[in-house]
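Contents: one structure, followed by commentary.
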Amino acid sequence: MACNRAESGILRHVQNGRPIRIAAAGDIHASEPERGRVAGAFAGLQAGTDLVLLAGDLTTCGDPEEVAVLADACRGLDVPVFAVLGNHDWHLDRAGELGDVLGGAGVQLLERSAARFDVRGVPVGVVGLKGFVGGFPDYVLPDFGEPLLRQVYAETTKDVEALERGLREIEGCDVRIVLLHYSPTTTTLEGEPRGIWPFLGSHRLAGPIADHTPDIVLHGHAHAGTFDGFVGRVPVYNVALAVTGRDFWYFELARREPKQTDRPAEVRVE
Ligand SMILES: [Fe+2]
Ligand SMILES: [Fe+2]
């Protein structure tokens with residue numbers, strides 16, 4: 001299967017011409033008391049869903065028993081599920097165990113990594129990372145001063161580098177998706193107090209997105225933020241449950257116009 005955006009529009013090879021349907025959710029915050037809600041959400045996935053993307057804060061406090069609730073809900077699904085971790089998932093510093101539990105249920109955790117796969121013959125690439133803090137112009141953490149603060153800056157640098165690397169890895173795919181927990185833009189943070197914006201994301205994450213123009217960027221974390229935003233001409237969506245108000249938000253990546261192969265795919269929002 002050719003995997004060259006320059007030669008083919010998105011979904012050129014799709015059977016029946018049906019666009020790829022993505023179900024996205026962030027900040028599920030699973031825990032044992034929430035088992036019914038979580039199980040019901042996944043049991044209610046719309047027919048025709050091709051891909052499930054989870055934008056971090058999978059758990060309440062990062063306990064493997066909490067993520068098992070999510071894993072149980074995903075086990076047996078016949079669509080691929082990709083996830084990134086959020087800050088809540090790191091709270092007990094047991095991220096490795098969370099990955100093991102998720103992996104046992106077939107959920108693929110992306111941690112500063114990329115995956116390439118086919119959806120009904122269409123080459124799809126997903127770059128996934130938690131991202132990190134640092135702020136946005138006028139509210140920026142500088143790379144200066146105490147070593148501890150410089151470590152925070154350096155951690156975000158690792159995310160920016162991983163995002164750049166991942167986007168290069170999926171460069172030839174017909175559909176290219178970025179999955180984050182922290183936001184790369186303030187456009188999806190409106191509604192959150194400006195004083196905490198430096199803890200909700202980093203504008204540095206926007207650099208690789210602007211350079212590589214993936215088709216869609218999804219993130220969570222900003223529970224009081226705004227659903228739709230952008231980085232340049234790339235659409236960005238905050239899919240935190242508290243923002244979308246539903247178990248999943250569905251996106252359909254539609255056919256790319258042949259003469260506009262350098263533009264992001266049309267994104268239809270339901
Ligand atoms: Fe959250
Ligand atoms: Fe979060």
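Numbering starts fresh at 1 for the residues of each chain in the structure tokens, the chains themselves are lettered A, B, ... in the order given, and ligands are numbered from 1 as they appear.
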Notebook entry, point to check: Neighbours of Cys74 of chain A within 7 Å (only C-alpha atoms; same-chain residues fewer than 3 positions away dropped), as a list in words?
Noted result: Phe42, Leu70, Ala71, Leu77 and Ala105 of chain A
Selection from above, C-alpha atoms, as an mmCIF file, in the first residue's frame, can you write it?
```
data_model
loop_
_atom_site.group_PDB
_atom_site.id
_atom_site.type_symbol
_atom_site.label_atom_id
_atom_site.label_comp_id
_atom_site.auth_asym_id
_atom_site.auth_seq_id
_atom_site.Cartn_x
_atom_site.Cartn_y
_atom_site.Cartn_z
ATOM 1 C CA PHE A 42 -17.166 1.858 25.807
ATOM 2 C CA LEU A 70 -10.578 1.178 31.937
ATOM 3 C CA ALA A 71 -8.731 -1.881 30.694
ATOM 4 C CA LEU A 77 -13.145 -4.210 21.554
ATOM 5 C CA ALA A 105 -6.272 -5.405 27.426
#
```
Using 8 Å as the limit and counting only C-alpha atoms and all ligand atoms, can you tabulate each residue of chain A that touches ligand 2, with its shortest atom-to-atom distance in Å and the two atoms involved, as a tab-separated table?
```
residue	atom	partner	partner_atom_place_in_ligand_line	distance
A:Asp27	CA	ligand 2	1 (Fe)	6.7
A:Gly56	CA	ligand 2	1 (Fe)	6.9
A:Asp57	CA	ligand 2	1 (Fe)	5.3
A:Gly86	CA	ligand 2	1 (Fe)	5.1
A:Asn87	CA	ligand 2	1 (Fe)	4.9
A:His88	CA	ligand 2	1 (Fe)	5.8
A:His181	CA	ligand 2	1 (Fe)	6.6
A:Tyr182	CA	ligand 2	1 (Fe)	7.2
A:Leu200	CA	ligand 2	1 (Fe)	7.9
A:Gly220	CA	ligand 2	1 (Fe)	6.8
A:His221	CA	ligand 2	1 (Fe)	3.7
A:Ala222	CA	ligand 2	1 (Fe)	6.9
```
Margin query: Give me the residues near Gly36 of chain A as a PyMOL selection string, where near means some atom within 10 Å (using only C-alpha atoms) and where sequence neighbours in that chain fewer than 5 positions away do not count.
Written below: chain A and resi 30-31+41+69+73
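Excluding Asp228 of chain A itself and any same-chain residue fewer than 4 positions from it, the protein and nucleic acid residues within 6 Å of it, counting only C-alpha atoms, are Thr188, Val236 and Tyr237 of chain A.
Rounded to one decimal, atom CA of Lys158 of chain A and atom CA of Arg112 of chain A lie 8.4 Å from each other.
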Check: If you run DSSP on this backbone, which residues of segment 15-261 of chain A come out as alpha helix (DSSP H), and could you give them as an MDAnalysis selection string?
Finding: chainID A and resid 35:43 64:74 95:104 147:169 206:212 241:244
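When atom CA of Ser202 of chain A is paired with atom CA of Thr186 of chain A, their separation reads 8.7 Å.
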Next item on the list: Using backbone DSSP assignments, extract all strand (DSSP E) residues from segment 4-232 of chain A; output them as a VMD selection string.
Entry: chain A and resid 20 to 25 51 to 55 81 to 84 107 to 109 113 to 119 122 to 128 135 to 136 139 to 140 175 to 179 216 to 219 228 to 231
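Going from atom CA of Pro184 of chain A to atom CA of Gly99 of chain A covers 24.1 Å.
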Margin query: Could you list, as an NGL selection string, every residue within 12 Å of Gly48 of chain A, counting only C-alpha atoms and ignoring same-chain residues fewer than 5 positions away?
Written below: :A and (18-23 or 78-79 or 119-120 or 250-252)
Shell of 9 Å around Trp90 of chain A, only C-alpha atoms, local chain residues under 3 positions omitted, as a JSON list (two decimals) with N, CA and C atoms, in the first residue's frame:
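This is the output file out-v7.json:
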```json
[["chain", "number", "residue", "atom", "x", "y", "z"],
["A", 57, "ASP", "N", -5.08, 11.32, 31.56],
["A", 57, "ASP", "CA", -5.87, 11.28, 32.79],
["A", 57, "ASP", "C", -6.87, 10.13, 32.67],
["A", 61, "CYS", "N", -6.00, 8.68, 40.28],
["A", 61, "CYS", "CA", -4.74, 8.93, 41.00],
["A", 61, "CYS", "C", -3.57, 8.08, 40.49],
["A", 62, "GLY", "N", -3.74, 7.40, 39.38],
["A", 62, "GLY", "CA", -2.63, 6.63, 38.83],
["A", 62, "GLY", "C", -2.43, 5.27, 39.46],
["A", 63, "ASP", "N", -3.46, 4.74, 40.08],
["A", 63, "ASP", "CA", -3.39, 3.41, 40.69],
["A", 63, "ASP", "C", -3.68, 2.34, 39.63],
["A", 85, "LEU", "N", -0.80, 9.01, 28.65],
["A", 85, "LEU", "CA", -1.03, 9.24, 30.06],
["A", 85, "LEU", "C", -1.23, 10.73, 30.33],
["A", 86, "GLY", "N", -1.81, 11.01, 31.49],
["A", 86, "GLY", "CA", -1.94, 12.39, 31.94],
["A", 86, "GLY", "C", -1.24, 12.57, 33.27],
["A", 87, "ASN", "N", -1.29, 13.78, 33.80],
["A", 87, "ASN", "CA", -0.62, 14.04, 35.07],
["A", 87, "ASN", "C", -1.21, 13.20, 36.20],
["A", 93, "ASP", "N", 3.40, 7.50, 40.59],
["A", 93, "ASP", "CA", 4.66, 7.13, 39.95],
["A", 93, "ASP", "C", 4.71, 5.62, 39.63],
["A", 94, "ARG", "N", 3.59, 5.12, 39.11],
["A", 94, "ARG", "CA", 3.50, 3.70, 38.74],
["A", 94, "ARG", "C", 3.10, 3.56, 37.27],
["A", 95, "ALA", "N", 3.62, 4.48, 36.47],
["A", 95, "ALA", "CA", 3.22, 4.53, 35.07],
["A", 95, "ALA", "C", 3.53, 3.22, 34.34]]
```
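Ranking A:Gly17, A:Gly172, A:Gly76, A:Gly225 by their shortest atom-to-atom distance to ligand 1, with only C-alpha atoms and all ligand atoms included, puts A:Gly225 first.
Minimum distance to Val126 of chain A across A:Val217, A:Asp211, A:Phe199, A:Glu155 (counting only C-alpha atoms) occurs at A:Val217.
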Margin query: At a cut-off of 10 Å, using only C-alpha atoms, what residues contact Ile216 of chain A? Leave out same-chain residues fewer than 2 positions from it and give the result as a PyMOL selection string.
Written below: chain A and resi 126+175-179+209+213-214+218+230-231+233-237+251+253+264-267
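You can rank A:Asp89, A:Asp159, A:Glu34, A:Glu66 by their closest distance to ligand 1 using only C-alpha atoms and all ligand atoms, and at the top of that list sits A:Asp89.
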Notebook entry, point to check: Of the residues A:Val38, A:Val243, A:Asp100, A:Trp249, which is the one nearest to ligand 1, using only C-alpha atoms and all ligand atoms?
Noted result: A:Val243
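If only C-alpha atoms are the atoms counted, then among A:Leu58, A:Val140, A:Ala68, A:Leu53 the closest residue to His29 of chain A is A:Leu58.
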